[in-house]
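Chemist: Just so it is clear, I am handing over input_35.cif, which has mmCIF, C-alpha atoms and all ligand atoms.
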data_structure
#
loop_
_atom_site.label_atom_id
_atom_site.label_comp_id
_atom_site.auth_asym_id
_atom_site.auth_seq_id
_atom_site.Cartn_x
_atom_site.Cartn_y
_atom_site.Cartn_z
CA MET B 1 15.04 -10.74 8.92
CA ALA B 2 11.28 -11.00 8.69
CA LYS B 3 9.08 -13.80 7.39
CA VAL B 4 6.97 -12.11 4.71
CA ILE B 5 3.53 -12.88 3.23
CA ILE B 6 3.05 -11.24 -0.19
CA PHE B 7 -0.43 -10.35 -1.44
CA GLY B 8 -1.12 -11.47 -5.03
CA VAL B 9 0.20 -13.96 -7.57
CA LEU B 10 0.46 -11.76 -10.66
CA ASP B 11 3.36 -9.73 -12.08
CA THR B 12 3.81 -7.31 -9.20
CA ALA B 13 3.77 -10.10 -6.62
CA GLU B 14 6.29 -12.08 -8.67
CA LEU B 15 8.51 -8.98 -8.89
CA ALA B 16 8.15 -8.35 -5.16
CA HIS B 17 9.25 -11.93 -4.51
CA TYR B 18 12.22 -11.44 -6.85
CA TYR B 19 13.35 -8.16 -5.29
CA LEU B 20 12.91 -9.33 -1.69
CA THR B 21 14.73 -12.60 -2.40
CA ASN B 22 17.63 -11.02 -4.27
CA ASP B 23 17.96 -7.62 -2.62
CA SER B 24 16.73 -7.72 0.97
CA GLU B 25 17.30 -9.51 4.23
CA HIS B 26 13.70 -10.77 4.24
CA ASP B 27 12.41 -14.28 3.68
CA VAL B 28 9.21 -14.68 1.64
CA VAL B 29 7.26 -17.63 3.07
CA ALA B 30 3.85 -17.50 1.34
CA PHE B 31 1.49 -15.68 -1.02
CA THR B 32 -2.14 -14.86 -0.37
CA ILE B 33 -5.11 -13.93 -2.56
CA HIS B 34 -8.87 -13.92 -2.16
CA ARG B 35 -10.39 -17.39 -2.07
CA GLU B 36 -12.37 -16.87 -5.29
CA TYR B 37 -9.07 -16.53 -7.24
CA LEU B 38 -7.31 -19.39 -5.48
CA ASP B 39 -6.94 -22.00 -8.23
CA ASN B 40 -3.32 -23.04 -7.61
CA PRO B 41 -2.04 -23.87 -4.09
CA SER B 42 1.55 -22.97 -4.96
CA PHE B 43 3.48 -20.10 -6.59
CA LYS B 44 7.27 -19.77 -6.80
CA ASP B 45 7.40 -23.07 -4.84
CA LEU B 46 5.66 -21.42 -1.91
CA PRO B 47 2.12 -21.91 -0.55
CA VAL B 48 -0.72 -19.70 -1.73
CA VAL B 49 -3.45 -19.34 0.89
CA ALA B 50 -6.82 -17.59 1.03
CA PHE B 51 -6.59 -14.02 2.29
CA GLU B 52 -9.80 -14.65 4.25
CA ASP B 53 -7.95 -16.95 6.67
CA VAL B 54 -4.27 -16.08 6.17
CA GLU B 55 -3.95 -14.92 9.79
CA THR B 56 -4.92 -18.36 11.12
CA LEU B 57 -2.19 -20.05 9.03
CA PHE B 58 0.57 -17.43 9.29
CA SER B 59 0.16 -15.61 12.57
CA PRO B 60 0.59 -11.81 12.60
CA ALA B 61 2.83 -12.25 15.65
CA ASP B 62 5.42 -14.14 13.59
CA HIS B 63 4.93 -12.77 10.06
CA VAL B 64 4.84 -9.43 8.29
CA PHE B 65 2.81 -8.43 5.26
CA PHE B 66 3.65 -6.86 1.91
CA ALA B 67 1.02 -5.75 -0.64
CA PRO B 68 2.85 -3.86 -3.39
CA MET B 69 -0.06 -3.88 -5.85
CA THR B 70 -0.74 -1.84 -8.99
CA GLY B 71 -2.29 1.63 -8.97
CA ARG B 72 -5.62 0.40 -10.38
CA ASN B 73 -8.76 2.18 -9.18
CA MET B 74 -6.51 5.13 -8.28
CA ASN B 75 -4.61 3.14 -5.66
CA ARG B 76 -7.78 2.33 -3.75
CA ASN B 77 -7.56 -1.45 -4.35
CA ARG B 78 -4.10 -1.45 -2.78
CA GLU B 79 -5.32 0.78 0.04
CA LYS B 80 -8.17 -1.64 0.80
CA ILE B 81 -5.88 -4.68 1.11
CA TYR B 82 -3.40 -2.60 3.16
CA ASN B 83 -6.16 -1.64 5.61
CA GLU B 84 -7.62 -5.14 5.77
CA ALA B 85 -4.25 -6.78 6.46
CA LYS B 86 -3.59 -4.12 9.09
CA ALA B 87 -6.95 -4.92 10.70
CA LYS B 88 -5.89 -8.59 10.86
CA GLY B 89 -2.97 -7.42 13.01
CA TYR B 90 -0.10 -7.57 10.52
CA ARG B 91 2.83 -5.19 10.46
CA PHE B 92 4.25 -4.27 7.05
CA ILE B 93 7.67 -4.06 5.53
CA SER B 94 8.77 -1.59 2.89
CA TYR B 95 11.22 -2.50 0.14
CA VAL B 96 13.74 0.13 -0.97
CA SER B 97 16.13 -1.00 -3.70
CA SER B 98 19.81 -1.01 -2.83
CA ARG B 99 20.17 0.75 -6.21
CA ALA B 100 17.95 3.69 -5.22
CA THR B 101 19.54 6.90 -3.92
CA LEU B 102 18.15 8.23 -0.66
CA PHE B 103 19.32 10.70 1.96
CA GLY B 104 17.89 9.39 5.21
CA ASN B 105 14.35 10.17 4.07
CA GLU B 106 11.41 9.18 6.23
CA ILE B 107 9.65 6.28 4.45
CA GLY B 108 6.32 4.79 5.54
CA GLU B 109 5.21 1.16 5.51
CA ASN B 110 4.18 -1.02 2.56
CA CYS B 111 6.24 1.11 0.17
CA PHE B 112 7.81 -0.48 -2.93
CA ILE B 113 10.70 1.66 -4.20
CA LEU B 114 12.61 0.20 -7.13
CA GLU B 115 16.01 0.85 -8.70
CA ASP B 116 17.24 4.26 -9.85
CA ASN B 117 14.79 6.33 -7.85
CA THR B 118 16.46 9.42 -6.43
CA ILE B 119 14.71 10.88 -3.41
CA GLN B 120 16.42 14.11 -2.48
CA PRO B 121 16.97 15.35 1.08
CA PHE B 122 14.14 16.58 3.31
CA THR B 123 11.41 14.81 1.33
CA THR B 124 9.10 12.45 3.21
CA ILE B 125 7.23 9.44 1.83
CA GLY B 126 3.97 8.25 3.40
CA ASN B 127 2.53 4.73 3.66
CA ASN B 128 1.62 2.43 0.76
CA VAL B 129 3.55 4.37 -1.87
CA VAL B 130 4.90 2.70 -5.03
CA MET B 131 7.79 4.14 -7.01
CA TRP B 132 8.57 2.08 -10.07
CA SER B 133 12.07 2.56 -11.50
CA GLY B 134 13.88 5.76 -12.31
CA ASN B 135 11.93 8.65 -10.75
CA HIS B 136 13.43 11.94 -9.60
CA ILE B 137 11.71 13.04 -6.38
CA GLY B 138 12.86 16.55 -5.55
CA HIS B 139 13.93 18.01 -2.22
CA HIS B 140 11.69 19.41 0.55
CA GLY B 141 8.68 17.54 -0.78
CA GLN B 142 5.88 15.67 0.93
CA ILE B 143 4.38 12.51 -0.56
CA LYS B 144 1.26 11.39 1.30
CA ASP B 145 -0.25 7.86 1.48
CA HIS B 146 -1.39 5.54 -1.39
CA VAL B 147 0.49 7.31 -4.19
CA PHE B 148 1.92 5.70 -7.36
CA PHE B 149 4.87 6.93 -9.42
CA THR B 150 5.34 4.87 -12.60
CA SER B 151 8.74 5.57 -14.22
CA HIS B 152 10.87 8.57 -15.11
CA VAL B 153 8.62 11.07 -13.39
CA VAL B 154 10.27 14.35 -12.42
CA LEU B 155 8.72 15.79 -9.28
CA SER B 156 10.50 19.09 -8.70
CA GLY B 157 11.41 20.47 -5.29
CA HIS B 158 8.93 21.63 -2.62
CA CYS B 159 5.93 19.75 -4.04
CA VAL B 160 3.11 18.31 -1.92
CA VAL B 161 1.47 15.18 -3.30
CA GLU B 162 -1.84 14.39 -1.65
CA SER B 163 -3.08 10.83 -1.24
CA HIS B 164 -4.05 8.52 -4.14
CA ALA B 165 -2.29 10.52 -6.87
CA PHE B 166 -0.99 8.56 -9.89
CA PHE B 167 1.82 9.80 -12.14
CA GLY B 168 2.06 8.40 -15.69
CA VAL B 169 5.43 7.64 -17.27
CA ASN B 170 7.64 10.63 -18.04
CA SER B 171 5.37 13.18 -16.38
CA THR B 172 6.85 16.40 -14.99
CA ILE B 173 5.74 18.55 -12.07
CA ARG B 174 6.80 22.15 -11.53
CA ASP B 175 8.40 23.08 -8.22
CA TYR B 176 6.20 24.30 -5.32
CA THR B 177 3.10 22.60 -6.79
CA THR B 178 0.39 20.81 -4.82
CA ILE B 179 -1.04 17.72 -6.49
CA ALA B 180 -4.54 17.20 -5.16
CA GLN B 181 -5.96 13.94 -3.84
CA GLY B 182 -6.61 11.36 -6.56
CA THR B 183 -5.04 13.36 -9.39
CA LEU B 184 -4.19 11.29 -12.48
CA VAL B 185 -1.30 12.78 -14.43
CA GLY B 186 -1.16 11.34 -17.97
CA MET B 187 2.05 10.05 -19.48
CA ALA B 188 4.48 12.76 -20.67
CA SER B 189 2.28 15.53 -19.22
CA ALA B 190 3.70 18.65 -17.59
CA ILE B 191 1.86 20.03 -14.55
CA THR B 192 2.45 23.76 -14.08
CA ARG B 193 -0.11 24.59 -11.38
CA GLU B 194 -2.14 23.10 -8.54
CA THR B 195 -4.55 20.35 -9.62
CA GLU B 196 -8.14 19.54 -8.65
CA GLU B 197 -9.11 16.42 -6.69
CA TRP B 198 -9.82 13.19 -8.62
CA SER B 199 -9.20 14.91 -11.95
CA ILE B 200 -7.16 13.87 -15.02
CA TYR B 201 -4.50 16.10 -16.58
CA ILE B 202 -2.85 15.58 -19.97
CA GLY B 203 -0.58 17.54 -22.31
CA ASN B 204 2.17 20.13 -22.01
CA PRO B 205 1.21 22.38 -20.35
CA ALA B 206 -1.25 19.93 -18.83
CA LYS B 207 -4.96 20.66 -19.05
CA LYS B 208 -7.74 19.07 -17.07
CA VAL B 209 -9.77 16.49 -19.00
CA PRO B 210 -13.33 17.78 -18.69
CA GLY B 211 -16.20 15.64 -17.46
CA LYS B 212 -14.20 12.58 -16.38
CA LYS B 213 -12.97 11.55 -12.94
CA SER B 214 -9.59 9.88 -12.52
CA PHE B 215 -11.09 6.67 -11.16
CA GLU B 216 -13.24 6.37 -14.30
CA ALA B 217 -10.06 6.21 -16.44
CA TYR B 218 -7.71 4.16 -14.28
C1 LIG V 301 -4.42 9.85 -19.26
C2 LIG V 301 -4.86 8.45 -19.58
C3 LIG V 301 -5.25 7.71 -18.29
C4 LIG V 301 -6.08 8.54 -20.50
O1 LIG V 301 -6.55 7.27 -20.77
P1 LIG V 301 -7.97 7.08 -21.50
O2 LIG V 301 -9.05 7.73 -20.66
O3 LIG V 301 -8.11 5.62 -21.79
O4 LIG V 301 -7.86 7.95 -22.80
P2 LIG V 301 -7.64 7.51 -24.32
O5 LIG V 301 -6.44 6.64 -24.48
O6 LIG V 301 -8.95 7.00 -24.82
O7 LIG V 301 -7.30 8.91 -25.01
C5 LIG V 301 -8.26 9.95 -25.12
C6 LIG V 301 -7.61 11.10 -25.88
O8 LIG V 301 -6.60 11.70 -25.05
C7 LIG V 301 -5.31 11.61 -25.71
N1 LIG V 301 -4.32 11.31 -24.66
C8 LIG V 301 -4.33 10.23 -23.83
N2 LIG V 301 -3.30 10.30 -22.98
C9 LIG V 301 -2.62 11.41 -23.29
C10 LIG V 301 -1.47 12.01 -22.76
N3 LIG V 301 -0.82 11.46 -21.73
N4 LIG V 301 -1.04 13.18 -23.30
C11 LIG V 301 -1.71 13.74 -24.35
N5 LIG V 301 -2.83 13.21 -24.87
C12 LIG V 301 -3.27 12.07 -24.36
C13 LIG V 301 -5.45 10.49 -26.73
O9 LIG V 301 -4.54 10.66 -27.79
C14 LIG V 301 -6.89 10.66 -27.16
O10 LIG V 301 -6.97 11.74 -28.05
P3 LIG V 301 -8.05 11.76 -29.27
O11 LIG V 301 -9.41 11.68 -28.60
O12 LIG V 301 -7.79 13.06 -29.93
O13 LIG V 301 -7.74 10.56 -30.10
C15 LIG V 301 -3.75 7.61 -20.27
O14 LIG V 301 -3.55 7.98 -21.61
C16 LIG V 301 -2.41 7.71 -19.57
O15 LIG V 301 -1.61 8.60 -19.78
N6 LIG V 301 -2.16 6.70 -18.69
C17 LIG V 301 -0.92 6.54 -17.99
C18 LIG V 301 -0.16 5.39 -18.64
C19 LIG V 301 1.10 5.07 -17.91
O16 LIG V 301 1.88 5.92 -17.55
N7 LIG V 301 1.29 3.79 -17.67
C20 LIG V 301 2.45 3.35 -16.95
C21 LIG V 301 2.44 1.91 -16.80
S1 LIG V 301 1.85 1.44 -15.20
#
Represent the structure of the file as structure tokens.

Modeler:
Amino acid sequence: MAKVIIFGVLDTAELAHYYLTNDSEHDVVAFTIHREYLDNPSFKDLPVVAFEDVETLFSPADHVFFAPMTGRNMNRNREKIYNEAKAKGYRFISYVSSRATLFGNEIGENCFILEDNTIQPFTTIGNNVVMWSGNHIGHHGQIKDHVFFTSHVVLSGHCVVESHAFFGVNSTIRDYTTIAQGTLVGMASAITRETEEWSIYIGNPAKKVPGKKSFEAY
């Protein structure tokens, strides 16, 4: 059992607290946010402390960190906190729901994998990956770091997902497809071929949205 510090005090942090408390061996002991947002010293009956000095109050030797944040700014906000907490010396946990179906897959750190995800055999998951509920992640795939799956995404077999990709609800990816770094797949869109970095794709079959980068939309 680890003593966990959760980053944030909004919905995702509250959900992380709920899932860890009800479906893990871990013990959440505090929350942390940047000092400029620190207007309440307590959340869920636990202390909230400034991220700037969290390591002096909850030593990295005795505590682990969890930052399961949203995909905003194409996962780069979550990546930044992940790297900063790492630089402070923290190790990370990952949460994998007891109601998810896995087959001994390799899973990185700071991953948040909710109920009803199926991750088929021989697929690996990098660091700082969020899978909201109900995704199908096909076999022999490779998910790199800082990726976000919302819900009910179908990633077919043998796909490679490069870092920072974001999949909207109900999106579908053809087998043997590479999703480039920072790709934003719109809700209910069907990707049939390799994508371009930091681009947005919508529709079925999905087409690239011209003249707009993914991080300008989300
Ligand atoms: C792709 C996306 C980021 C575009 O957002 P946006 O830049 O704000 O675009 P807009 O909503 O202004 O829509 C622009 C146009 O694209 C269309 N469009 C937007 N998303 C679309 C989609 N997924 N499929 C087809 N068309 C879409 C809109 O209907 C609109 O068309 P119009 O100009 O003919 O009226 C967004 O629609 C999306 O799919 N986000 C993912 C949402 C999601 O899955 N959330 C999960 C909760 S975390």

Chemist: Name the residues in contact with Ala13 in chain B at a cut-off of 8 Å, using all atoms listed in the file, excluding same-chain residues fewer than 5 positions from it; report them as a PyMOL selection string.

Modeler: chain B and resi 6-8+67-69

Chemist: Rank nothing, just name the residue among B:Gly71, B:Asn83, B:Pro210, B:Val147 nearest to ligand LIG 301 (chain V), using all atoms listed in the file.

Modeler: B:Gly71

Chemist: Just to confirm, what's the straight-line distance from CA of Ser42 in chain B to CA of Lys80 in chain B in Å (one decimal)?

Modeler: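 Computed distance, CA of Ser42 in chain B to CA of Lys80 in chain B, equals 24.1 Å.
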
Chemist: Taking all atoms listed in the file and a cut-off of 10 Å, can you tell me which residues surround ligand LIG 301 (chain V), written as a PyMOL selection string?

Modeler: chain B and resi 70-72+132+148-153+166-171+184-190+200-207+209+212-218

Chemist: Got a sec: who's within 8 Å of Ser97 in chain B, counting only C-alpha atoms, leaving out chain neighbours fewer than 3 positions off, as a list in words?

Modeler: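 Final neighbour list, sorted by chain and number: Tyr19, Asp23, Ala100, Ile113, Leu114 and Glu115 of chain B.
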
Chemist: Counting only C-alpha atoms, which of B:Gly141, B:Asn105, B:Ser163, B:Asn73 gets nearest to Glu197 in chain B?

Modeler: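 When distances to Glu197 in chain B are compared using only C-alpha atoms, the smallest one comes from B:Ser163.
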
Chemist: From the set B:Phe122, B:Tyr95, B:Leu38, B:Asp53, which residue has the shortest atom-to-atom contact distance to Thr21 in chain B, counting all atoms listed in the file?

Modeler: B:Tyr95

Chemist: CA of Ser94 in chain B and CA of Cys159 in chain B, how far apart in Å?

Modeler: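 These atoms are spaced 22.6 Å apart.
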
Chemist: Just the residues within 8 Å of Arg174 in chain B, please, counting all atoms listed in the file, with nothing from its chain fewer than 4 positions along; format it as a PyMOL selection string.

Modeler: chain B and resi 155-157+159+190-193

Chemist: Create the file for the chosen residues now, containing C-alpha atoms and written as a PDB file, keeping the file's coordinate frame.

Modeler:
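result_28.pdb written:
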ATOM      1  CA  LEU B 155       8.720  15.790  -9.280  1.00  0.00           C
ATOM      2  CA  SER B 156      10.500  19.090  -8.700  1.00  0.00           C
ATOM      3  CA  GLY B 157      11.410  20.470  -5.290  1.00  0.00           C
ATOM      4  CA  CYS B 159       5.930  19.750  -4.040  1.00  0.00           C
ATOM      5  CA  ALA B 190       3.700  18.650 -17.590  1.00  0.00           C
ATOM      6  CA  ILE B 191       1.860  20.030 -14.550  1.00  0.00           C
ATOM      7  CA  THR B 192       2.450  23.760 -14.080  1.00  0.00           C
ATOM      8  CA  ARG B 193      -0.110  24.590 -11.380  1.00  0.00           C
TER       9      ARG B 193
END

Chemist: May I ask for the distance between CA of Thr32 in chain B and CA of Glu52 in chain B, given in Å to one decimal place?

Modeler: 8.9 Å

Chemist: Do you know which residues are at most 10 Å from Asn40 in chain B counting only C-alpha atoms, after dropping those on the same chain fewer than 5 positions away, and could you put them as a list in words?

Modeler: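 Everything that qualifies: Val9, Pro47, Val48 and Val49 of chain B.
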
Chemist: Let me see the file: selected residues, C-alpha atoms, as an mmCIF file, in the coordinates of the input.

Modeler:
data_model
loop_
_atom_site.group_PDB
_atom_site.id
_atom_site.type_symbol
_atom_site.label_atom_id
_atom_site.label_comp_id
_atom_site.auth_asym_id
_atom_site.auth_seq_id
_atom_site.Cartn_x
_atom_site.Cartn_y
_atom_site.Cartn_z
ATOM 1 C CA VAL B 9 0.200 -13.960 -7.570
ATOM 2 C CA PRO B 47 2.120 -21.910 -0.550
ATOM 3 C CA VAL B 48 -0.720 -19.700 -1.730
ATOM 4 C CA VAL B 49 -3.450 -19.340 0.890
#

Chemist: Hey, which of B:Val130, B:Ile5, B:Val96, B:Ile179 ends up closest to Ser24 in chain B? Count only C-alpha atoms.

Modeler: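 Smallest separation from Ser24 in chain B among the options: B:Val96.
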
Chemist: Extract, using all atoms listed in the file, all DNA, RNA and protein residues at most 10 Å from Ser59 in chain B, discarding same-chain residues fewer than 3 positions from it, and format them as a short mmCIF file (atom, residue, chain, number, x, y, z; two decimals) with C-alpha atoms, keeping the file's coordinate frame.

Modeler:
data_model
loop_
_atom_site.label_atom_id
_atom_site.label_comp_id
_atom_site.auth_asym_id
_atom_site.auth_seq_id
_atom_site.Cartn_x
_atom_site.Cartn_y
_atom_site.Cartn_z
CA VAL B 54 -4.27 -16.08 6.17
CA GLU B 55 -3.95 -14.92 9.79
CA THR B 56 -4.92 -18.36 11.12
CA ASP B 62 5.42 -14.14 13.59
CA HIS B 63 4.93 -12.77 10.06
CA VAL B 64 4.84 -9.43 8.29
CA LYS B 88 -5.89 -8.59 10.86
CA GLY B 89 -2.97 -7.42 13.01
CA TYR B 90 -0.10 -7.57 10.52
#

Chemist: Which residue is closest to Glu162 in chain B? Choose from B:Thr101, B:Thr183, B:Ser199, B:Ser133 and count only C-alpha atoms.

Modeler: B:Thr183

Chemist: For a quick check of understanding, using all atoms listed in the file, which of B:Gln142, B:Ser98, B:Gln120, B:Asn128 has the smallest distance to Lys86 in chain B?

Modeler: B:Asn128

Chemist: From (16.1, 9.1, -5.3), in the file's coordinates, out to 9 Å: which residues are reached, counting only C-alpha atoms? Answer as a PDB file with C-alpha atoms, in the coordinates of the input.

Modeler:
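Written out: out05.pdb:
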ATOM      1  CA  ALA B 100      17.950   3.690  -5.220  1.00  0.00           C
ATOM      2  CA  THR B 101      19.540   6.900  -3.920  1.00  0.00           C
ATOM      3  CA  LEU B 102      18.150   8.230  -0.660  1.00  0.00           C
ATOM      4  CA  PHE B 103      19.320  10.700   1.960  1.00  0.00           C
ATOM      5  CA  GLU B 115      16.010   0.850  -8.700  1.00  0.00           C
ATOM      6  CA  ASP B 116      17.240   4.260  -9.850  1.00  0.00           C
ATOM      7  CA  ASN B 117      14.790   6.330  -7.850  1.00  0.00           C
ATOM      8  CA  THR B 118      16.460   9.420  -6.430  1.00  0.00           C
ATOM      9  CA  ILE B 119      14.710  10.880  -3.410  1.00  0.00           C
ATOM     10  CA  GLN B 120      16.420  14.110  -2.480  1.00  0.00           C
ATOM     11  CA  PRO B 121      16.970  15.350   1.080  1.00  0.00           C
ATOM     12  CA  GLY B 134      13.880   5.760 -12.310  1.00  0.00           C
ATOM     13  CA  ASN B 135      11.930   8.650 -10.750  1.00  0.00           C
ATOM     14  CA  HIS B 136      13.430  11.940  -9.600  1.00  0.00           C
ATOM     15  CA  ILE B 137      11.710  13.040  -6.380  1.00  0.00           C
ATOM     16  CA  GLY B 138      12.860  16.550  -5.550  1.00  0.00           C
TER      17      GLY B 138
END

Chemist: Up to 8 Å from (7.8, -14.1, 2.0) in the file's coordinates: name the residues, counting all atoms listed in the file, as an NGL selection string.

Modeler: :B and (3-6 or 17 or 20 or 26-31)

Chemist: Would you put the residues from that selection into a file with C-alpha atoms, as a JSON list (two decimals), keeping the file's coordinate frame?

Modeler:
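Output file again_31.json is given in full below:
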[["chain", "number", "residue", "atom", "x", "y", "z"],
["B", 3, "LYS", "CA", 9.08, -13.80, 7.39],
["B", 4, "VAL", "CA", 6.97, -12.11, 4.71],
["B", 5, "ILE", "CA", 3.53, -12.88, 3.23],
["B", 6, "ILE", "CA", 3.05, -11.24, -0.19],
["B", 17, "HIS", "CA", 9.25, -11.93, -4.51],
["B", 20, "LEU", "CA", 12.91, -9.33, -1.69],
["B", 26, "HIS", "CA", 13.70, -10.77, 4.24],
["B", 27, "ASP", "CA", 12.41, -14.28, 3.68],
["B", 28, "VAL", "CA", 9.21, -14.68, 1.64],
["B", 29, "VAL", "CA", 7.26, -17.63, 3.07],
["B", 30, "ALA", "CA", 3.85, -17.50, 1.34],
["B", 31, "PHE", "CA", 1.49, -15.68, -1.02]]
